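Shown next, in C-alpha cells, is the structure this report addresses.
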Amino acid sequence: MRQKRDRRREDRARQEPEARSAEPRAPQPNASAVAGSRRPLVRRAGSLPDERVPVILEVAPGGDYALLDSGAGRKLEQYGPYRIVRPEGQAIWQPALPEREWTAADAIFTGDTDEEGLGRWRFPKAALGETWPMRHDGIDYLGRFTSFRHVGVFPEQASHWAHMEALICGAGRPVKVLNLFGYTGLASLVAARAGAEVTHVDASKKAVGWARENQQVARLSDRPIRWIVEDAVKFAEREERRGNRYDIVLLDPPAYGRGPRGEVWQLFEDLPALADTCRAILTPRPLAVVLTAYSIRASFFATHALMRDTFAGMGGRVESGELVIVEKSAGRKLSTSLFSRWVAK
C-alpha cells in the first residue's frame, strides 16, 4: 500500500505546478485517431531514427546536492545547507547510515496516511523559513518546502540540462527552446545562460511566479525568457497554428493531472498527440526533443518506441533509459524516472 500512496502523492505533486490537457481538434481526412487522443494521428512514413538503449544517466553527489543515503522507503538528501528526509517508495533496501544520521536531519516530510490529504514538514532542530538559497552549476535559485514533499528542483535532470547546454553552445547559431511543464525553471535558466531564447510554459501561476523569482535570484533577468501561464498542450497546438518553431523542446509531463480549467491529462492517452505536436513545431534544423516520464508503470521501451515512431523520417537517434541518482553512503543507484530523447545528430 505504501508504494500506491507514494505514487498518488507524487502524481498530485506534479499536477500542481504544471499544464495538463489537450484541446479537441476536428478529424482530418485519412487520419485515424488513437483511443483517448485529442489529435488525429497517423503512423509516420520513413525510416526510424537510430537507437541507443539502455542509457543510464547518473547524477553523482556534489557540493550543492547529494543523495546521502536511502532505504526502508525513505531517502536522506543534502540540499545546500539542509539535510532533508523524504519518502521514496523505490528504496526497498535497508539504509547504510545509522539511524542517528537520519534523525539529525533539518527537515523531515512526514506525509499523511490519508491518500486524499497533503503531507507536512517537521523541523527537528529549529523552525526553518519557507525558502532557502540553492545553487546548480553556478546558477542560484530558491528551494522551497511544499506540501507535496518537493523542494523546487529535480536534481536527476542535471544530465539533461548539461546535454541541452552543450547542444545550444555547439549550434553556432541562435537557438529557441520550448520548455513545456516547466515547473520552477531550472532548465529554462540553464538554456538562457547558454544563450538560447526560451519559452517556459506551465499551467500554475504559482510555479511560474517561483520560476521568475529564480531568474532574478540567478541574476539572469537580462536573458530572453518568456514566462507563459497556460495549458502546455493548448499552447503547443497554438504555436503550430501560428507557425512558431523551436530547435529544442523539453517535455516533463505528469502521469495524471488536471489543467487550469479542469482539463484532464492522462499520460498514455495524451502523450502520443503531444509528441506529434512537438514534431510539428520544430524548426527545419532542429536539435532535440527530450521527454521525461515520472511515476508510471511502464518500461522505457514504451516511450522509446513512441519517440522513434514520432520522429520517423527525420534521421537522428533516439536514446532512452533511466535517470538515476548515485547514493553517497553505499554507492547504490536510485532510479527516479524514465526518459527518451530524440537528437538530430
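Within each chain, counting starts at residue 1; across the C-alpha cells, chains are named A, B, ... in the order shown, with ligands numbered 1 upward in that order.
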Do you know which residues are at most 9 Å from stretch 299-308 of chain A counting only C-alpha atoms, after dropping those on the same chain fewer than 2 positions away, and could you put them as number ranges by chain?
-> A: 48-51, 53-54, 272, 275, 291, 293, 296-297, 310-312, 317-322, 338-342
As number ranges by chain, please: all residues of stretch 101-302 of chain A that backbone DSSP puts in strand (DSSP E or B).
-> A: 107-109, 121-122, 131-136, 139-144, 176-180, 197-202, 225-229, 246, 248-251, 256-258, 264-266, 282, 288-293
Could those selected residues go to a file with N, CA and C atoms, as a short mmCIF file (atom, residue, chain, number, x, y, z; two decimals), in the first residue's frame?
data_model
loop_
_atom_site.label_atom_id
_atom_site.label_comp_id
_atom_site.auth_asym_id
_atom_site.auth_seq_id
_atom_site.Cartn_x
_atom_site.Cartn_y
_atom_site.Cartn_z
N ALA A 107 15.02 18.79 8.14
CA ALA A 107 13.61 18.78 7.75
C ALA A 107 13.21 17.37 7.38
N ILE A 108 12.04 16.95 7.84
CA ILE A 108 11.53 15.61 7.57
C ILE A 108 10.10 15.75 7.06
N PHE A 109 9.85 15.17 5.89
CA PHE A 109 8.50 15.17 5.36
C PHE A 109 7.77 13.97 5.93
N TRP A 121 5.72 19.05 6.78
CA TRP A 121 7.13 19.05 7.13
C TRP A 121 7.31 19.19 8.63
N ARG A 122 8.28 18.48 9.16
CA ARG A 122 8.65 18.60 10.56
C ARG A 122 10.11 19.05 10.62
N THR A 131 11.67 29.30 2.23
CA THR A 131 12.64 29.20 1.14
C THR A 131 14.06 29.26 1.70
N TRP A 132 15.01 28.81 0.88
CA TRP A 132 16.42 28.91 1.24
C TRP A 132 17.24 28.92 -0.04
N PRO A 133 18.44 29.49 -0.02
CA PRO A 133 19.25 29.60 -1.24
C PRO A 133 19.85 28.26 -1.64
N MET A 134 19.78 27.98 -2.95
CA MET A 134 20.38 26.79 -3.53
C MET A 134 21.18 27.20 -4.75
N ARG A 135 21.97 26.27 -5.26
CA ARG A 135 22.77 26.55 -6.45
C ARG A 135 22.93 25.28 -7.26
N HIS A 136 22.87 25.44 -8.60
CA HIS A 136 23.19 24.35 -9.52
C HIS A 136 24.17 24.87 -10.56
N ILE A 139 24.35 28.46 -10.94
CA ILE A 139 23.08 29.17 -11.06
C ILE A 139 22.38 29.16 -9.71
N ASP A 140 22.16 30.32 -9.14
CA ASP A 140 21.47 30.43 -7.86
C ASP A 140 19.96 30.33 -8.07
N TYR A 141 19.28 29.70 -7.13
CA TYR A 141 17.82 29.62 -7.16
C TYR A 141 17.33 29.38 -5.74
N LEU A 142 16.02 29.29 -5.57
CA LEU A 142 15.44 29.12 -4.25
C LEU A 142 14.84 27.73 -4.08
N GLY A 143 15.22 27.04 -3.01
CA GLY A 143 14.50 25.85 -2.60
C GLY A 143 13.29 26.27 -1.79
N ARG A 144 12.29 25.43 -1.74
CA ARG A 144 11.07 25.77 -1.00
C ARG A 144 10.43 24.50 -0.48
N LYS A 176 16.23 28.42 -30.23
CA LYS A 176 14.99 28.66 -29.50
C LYS A 176 14.59 27.38 -28.76
N VAL A 177 14.31 27.52 -27.47
CA VAL A 177 13.96 26.38 -26.62
C VAL A 177 12.55 26.55 -26.09
N LEU A 178 11.75 25.50 -26.16
CA LEU A 178 10.42 25.47 -25.57
C LEU A 178 10.44 24.48 -24.41
N ASN A 179 10.13 24.97 -23.22
CA ASN A 179 10.12 24.15 -22.02
C ASN A 179 8.68 23.97 -21.56
N LEU A 180 8.08 22.82 -21.89
CA LEU A 180 6.69 22.53 -21.53
C LEU A 180 6.64 21.82 -20.18
N GLU A 197 17.08 31.52 -26.65
CA GLU A 197 15.84 32.25 -26.41
C GLU A 197 14.82 31.23 -25.93
N VAL A 198 14.26 31.43 -24.75
CA VAL A 198 13.49 30.39 -24.06
C VAL A 198 12.03 30.80 -23.91
N THR A 199 11.13 29.84 -24.14
CA THR A 199 9.72 29.98 -23.81
C THR A 199 9.38 28.92 -22.77
N HIS A 200 8.96 29.37 -21.61
CA HIS A 200 8.69 28.50 -20.46
C HIS A 200 7.18 28.47 -20.23
N VAL A 201 6.59 27.27 -20.26
CA VAL A 201 5.14 27.13 -20.16
C VAL A 201 4.76 26.25 -18.98
N ASP A 202 3.85 26.74 -18.17
CA ASP A 202 3.34 25.96 -17.04
C ASP A 202 1.95 26.47 -16.70
N ILE A 225 13.65 35.20 -21.68
CA ILE A 225 12.77 34.11 -21.29
C ILE A 225 11.33 34.62 -21.28
N ARG A 226 10.47 33.96 -22.03
CA ARG A 226 9.04 34.26 -21.98
C ARG A 226 8.40 33.32 -20.96
N TRP A 227 7.72 33.89 -19.97
CA TRP A 227 7.06 33.09 -18.95
C TRP A 227 5.57 33.03 -19.28
N ILE A 228 5.06 31.84 -19.58
CA ILE A 228 3.69 31.67 -20.03
C ILE A 228 2.91 30.81 -19.04
N VAL A 229 1.81 31.35 -18.50
CA VAL A 229 0.90 30.58 -17.65
C VAL A 229 -0.20 30.04 -18.55
N TYR A 246 10.63 25.78 -32.87
CA TYR A 246 11.65 25.69 -31.85
C TYR A 246 12.72 24.67 -32.24
N ILE A 248 14.75 23.15 -29.79
CA ILE A 248 14.74 22.16 -28.72
C ILE A 248 13.41 22.24 -27.99
N VAL A 249 12.80 21.08 -27.75
CA VAL A 249 11.57 21.02 -26.95
C VAL A 249 11.81 20.10 -25.76
N LEU A 250 11.50 20.58 -24.58
CA LEU A 250 11.60 19.79 -23.35
C LEU A 250 10.20 19.44 -22.89
N LEU A 251 9.98 18.16 -22.53
CA LEU A 251 8.68 17.67 -22.07
C LEU A 251 8.87 16.96 -20.74
N TYR A 256 -0.62 11.83 -14.45
CA TYR A 256 -2.02 12.24 -14.45
C TYR A 256 -2.10 13.65 -13.89
N GLY A 257 -3.04 14.43 -14.40
CA GLY A 257 -3.22 15.77 -13.85
C GLY A 257 -4.41 16.47 -14.45
N ARG A 258 -4.67 17.66 -13.92
CA ARG A 258 -5.75 18.50 -14.42
C ARG A 258 -5.22 19.87 -14.76
N VAL A 264 -8.38 17.22 -18.28
CA VAL A 264 -7.74 16.03 -17.72
C VAL A 264 -6.61 15.58 -18.62
N TRP A 265 -5.46 15.29 -18.00
CA TRP A 265 -4.30 14.76 -18.72
C TRP A 265 -4.07 13.34 -18.26
N GLN A 266 -4.00 12.40 -19.22
CA GLN A 266 -3.64 11.01 -18.95
C GLN A 266 -2.43 10.71 -19.83
N LEU A 282 8.88 21.94 -34.65
CA LEU A 282 10.34 22.01 -34.73
C LEU A 282 10.76 22.85 -35.93
N ALA A 288 16.87 18.78 -30.74
CA ALA A 288 16.47 17.68 -29.85
C ALA A 288 15.06 17.87 -29.32
N VAL A 289 14.45 16.76 -28.93
CA VAL A 289 13.22 16.73 -28.15
C VAL A 289 13.47 15.77 -26.99
N VAL A 290 13.28 16.26 -25.78
CA VAL A 290 13.62 15.48 -24.58
C VAL A 290 12.36 15.24 -23.76
N LEU A 291 12.03 13.97 -23.54
CA LEU A 291 10.86 13.57 -22.76
C LEU A 291 11.30 12.87 -21.49
N THR A 292 10.75 13.28 -20.36
CA THR A 292 10.96 12.60 -19.08
C THR A 292 9.60 12.18 -18.53
N ALA A 293 9.51 10.96 -18.02
CA ALA A 293 8.24 10.44 -17.51
C ALA A 293 8.43 9.93 -16.09
#
Hey, what's within 7 Å of A:Gly80 if we count only C-alpha atoms and toss same-chain stuff fewer than 2 positions away? As a VMD selection string, please?
-> chain A and resid 64 to 65 78 82 134
Using atom CA of A:Val343 and atom CA of A:Gly62 as the two end points, give the distance in Å to one decimal.
->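 If I compute the distance from atom CA of A:Val343 to atom CA of A:Gly62, I get 27.5 Å.
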Which residues, written as a list in words, have at least one atom at most 9 Å from A:Thr110, with only C-alpha atoms counted and residues fewer than 6 positions away on the same chain left out?
->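 Selected residues are Val85, Arg86, Pro87, Gly119, Arg120, Trp121, Arg122 and Arg149 of chain A.
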Between atom CA of A:Ala162 and atom CA of A:Arg285, what is the spacing in Å?
->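 Calculated distance between atom CA of A:Arg285 and atom CA of A:Ala162 is 20.5 Å.
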Just give me the gap between atom CA of A:Gly182 and atom CA of A:Arg39 in Å, one decimal is fine.
-> 22.3 Å
Shell of 8 Å around stretch 91-99 of chain A, only C-alpha atoms, local chain residues under 4 positions omitted, as a PyMOL selection string | chain A and resi 69-75+103+329-330+334
Close residues, A:Tyr183 itself excluded, 9 Å, only C-alpha atoms, min 5 positions apart in chain, as a list in words |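 So, after excluding close chain neighbours, the residues are Arg14, Pro17, Glu18, Gly152, Val153, His200, Val201, Asp202, Ala203, Ser204, Ala207, Val208, Trp210, Ala211 and Asp252 of chain A.
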From the DSSP assignment of the backbone, select every residue of stretch 73-222 of chain A that is helix (DSSP H, G or I), and format the answer as number ranges by chain.
-> A: 99-103, 155-170, 186-193, 205-217
Generate the output file for the selected residues, N, CA and C atoms, as a compact mmCIF listing (two decimals), in the first residue's frame.
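File written: selection_30.txt
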# COMPACT_ATOMS: atom_id res chain seq x y z
N GLU A 99 20.84 5.22 12.17
CA GLU A 99 19.62 6.00 12.33
C GLU A 99 19.89 7.40 12.86
N ARG A 100 20.95 7.58 13.63
CA ARG A 100 21.23 8.92 14.17
C ARG A 100 21.50 9.94 13.05
N GLU A 101 22.02 9.46 11.93
CA GLU A 101 22.25 10.36 10.80
C GLU A 101 20.92 10.84 10.21
N TRP A 102 19.93 9.98 10.27
CA TRP A 102 18.61 10.32 9.75
C TRP A 102 17.86 11.25 10.70
N THR A 103 17.92 10.95 11.98
CA THR A 103 17.19 11.77 12.94
C THR A 103 17.82 13.15 13.12
N PRO A 155 16.93 17.12 -9.11
CA PRO A 155 18.37 17.12 -9.42
C PRO A 155 18.78 16.06 -10.44
N GLU A 156 17.99 14.99 -10.58
CA GLU A 156 18.33 13.97 -11.57
C GLU A 156 18.29 14.52 -13.00
N GLN A 157 17.61 15.66 -13.19
CA GLN A 157 17.53 16.28 -14.51
C GLN A 157 18.84 16.94 -14.93
N ALA A 158 19.80 17.01 -14.04
CA ALA A 158 21.06 17.69 -14.36
C ALA A 158 21.74 17.11 -15.60
N SER A 159 21.59 15.81 -15.83
CA SER A 159 22.18 15.20 -17.03
C SER A 159 21.55 15.78 -18.29
N HIS A 160 20.23 15.95 -18.28
CA HIS A 160 19.55 16.55 -19.42
C HIS A 160 19.98 18.01 -19.61
N TRP A 161 20.11 18.73 -18.49
CA TRP A 161 20.48 20.15 -18.60
C TRP A 161 21.86 20.31 -19.22
N ALA A 162 22.80 19.46 -18.81
CA ALA A 162 24.15 19.55 -19.36
C ALA A 162 24.16 19.20 -20.85
N HIS A 163 23.38 18.19 -21.22
CA HIS A 163 23.28 17.79 -22.63
C HIS A 163 22.68 18.93 -23.46
N MET A 164 21.61 19.55 -22.97
CA MET A 164 20.98 20.65 -23.67
C MET A 164 21.93 21.84 -23.81
N GLU A 165 22.64 22.15 -22.75
CA GLU A 165 23.58 23.27 -22.79
C GLU A 165 24.65 23.05 -23.84
N ALA A 166 25.15 21.81 -23.95
CA ALA A 166 26.16 21.50 -24.96
C ALA A 166 25.60 21.66 -26.37
N LEU A 167 24.35 21.26 -26.58
CA LEU A 167 23.73 21.43 -27.89
C LEU A 167 23.60 22.90 -28.26
N ILE A 168 23.18 23.71 -27.30
CA ILE A 168 23.00 25.15 -27.55
C ILE A 168 24.33 25.81 -27.86
N CYS A 169 25.33 25.53 -27.05
CA CYS A 169 26.64 26.16 -27.23
C CYS A 169 27.32 25.68 -28.52
N GLY A 170 27.03 24.46 -28.93
CA GLY A 170 27.68 23.92 -30.11
C GLY A 170 26.94 24.19 -31.41
N LEU A 186 14.50 25.65 -13.66
CA LEU A 186 15.95 25.42 -13.71
C LEU A 186 16.41 25.13 -15.14
N ALA A 187 15.66 24.30 -15.88
CA ALA A 187 16.02 24.01 -17.26
C ALA A 187 15.99 25.28 -18.10
N SER A 188 15.01 26.13 -17.87
CA SER A 188 14.91 27.38 -18.62
C SER A 188 16.10 28.29 -18.32
N LEU A 189 16.53 28.33 -17.07
CA LEU A 189 17.68 29.18 -16.71
C LEU A 189 18.97 28.65 -17.32
N VAL A 190 19.14 27.33 -17.31
CA VAL A 190 20.34 26.75 -17.93
C VAL A 190 20.38 27.08 -19.42
N ALA A 191 19.23 26.93 -20.10
CA ALA A 191 19.18 27.21 -21.53
C ALA A 191 19.44 28.69 -21.81
N ALA A 192 18.86 29.57 -21.00
CA ALA A 192 19.05 31.01 -21.20
C ALA A 192 20.50 31.40 -20.96
N ARG A 193 21.11 30.85 -19.94
CA ARG A 193 22.52 31.16 -19.67
C ARG A 193 23.40 30.74 -20.83
N LYS A 205 0.16 29.36 -12.05
CA LYS A 205 0.63 30.73 -11.87
C LYS A 205 1.65 30.81 -10.74
N LYS A 206 1.43 30.02 -9.70
CA LYS A 206 2.35 30.00 -8.57
C LYS A 206 3.72 29.48 -8.98
N ALA A 207 3.75 28.41 -9.78
CA ALA A 207 5.03 27.86 -10.22
C ALA A 207 5.78 28.82 -11.13
N VAL A 208 5.06 29.48 -12.03
CA VAL A 208 5.70 30.45 -12.92
C VAL A 208 6.22 31.64 -12.12
N GLY A 209 5.48 32.06 -11.09
CA GLY A 209 5.97 33.13 -10.23
C GLY A 209 7.26 32.73 -9.53
N TRP A 210 7.33 31.50 -9.07
CA TRP A 210 8.54 30.96 -8.44
C TRP A 210 9.69 30.93 -9.45
N ALA A 211 9.39 30.53 -10.69
CA ALA A 211 10.42 30.48 -11.73
C ALA A 211 10.96 31.88 -12.06
N ARG A 212 10.07 32.86 -12.13
CA ARG A 212 10.51 34.25 -12.39
C ARG A 212 11.38 34.76 -11.24
N GLU A 213 11.00 34.37 -10.03
CA GLU A 213 11.81 34.73 -8.87
C GLU A 213 13.19 34.10 -8.96
N ASN A 214 13.25 32.85 -9.42
CA ASN A 214 14.54 32.18 -9.61
C ASN A 214 15.39 32.89 -10.65
N GLN A 215 14.76 33.42 -11.69
CA GLN A 215 15.51 34.17 -12.70
C GLN A 215 16.19 35.39 -12.08
N GLN A 216 15.51 36.06 -11.20
CA GLN A 216 16.11 37.22 -10.53
C GLN A 216 17.23 36.80 -9.59
N VAL A 217 16.97 35.73 -8.82
CA VAL A 217 17.99 35.24 -7.89
C VAL A 217 19.24 34.81 -8.65
Distance query A:Arg238 at most 12 Å, only C-alpha atoms, self and fewer than 4 positions along chain excluded, as an MDAnalysis selection string | chainID A and resid 22:23 25 230:234 242:245 277:278 280:281
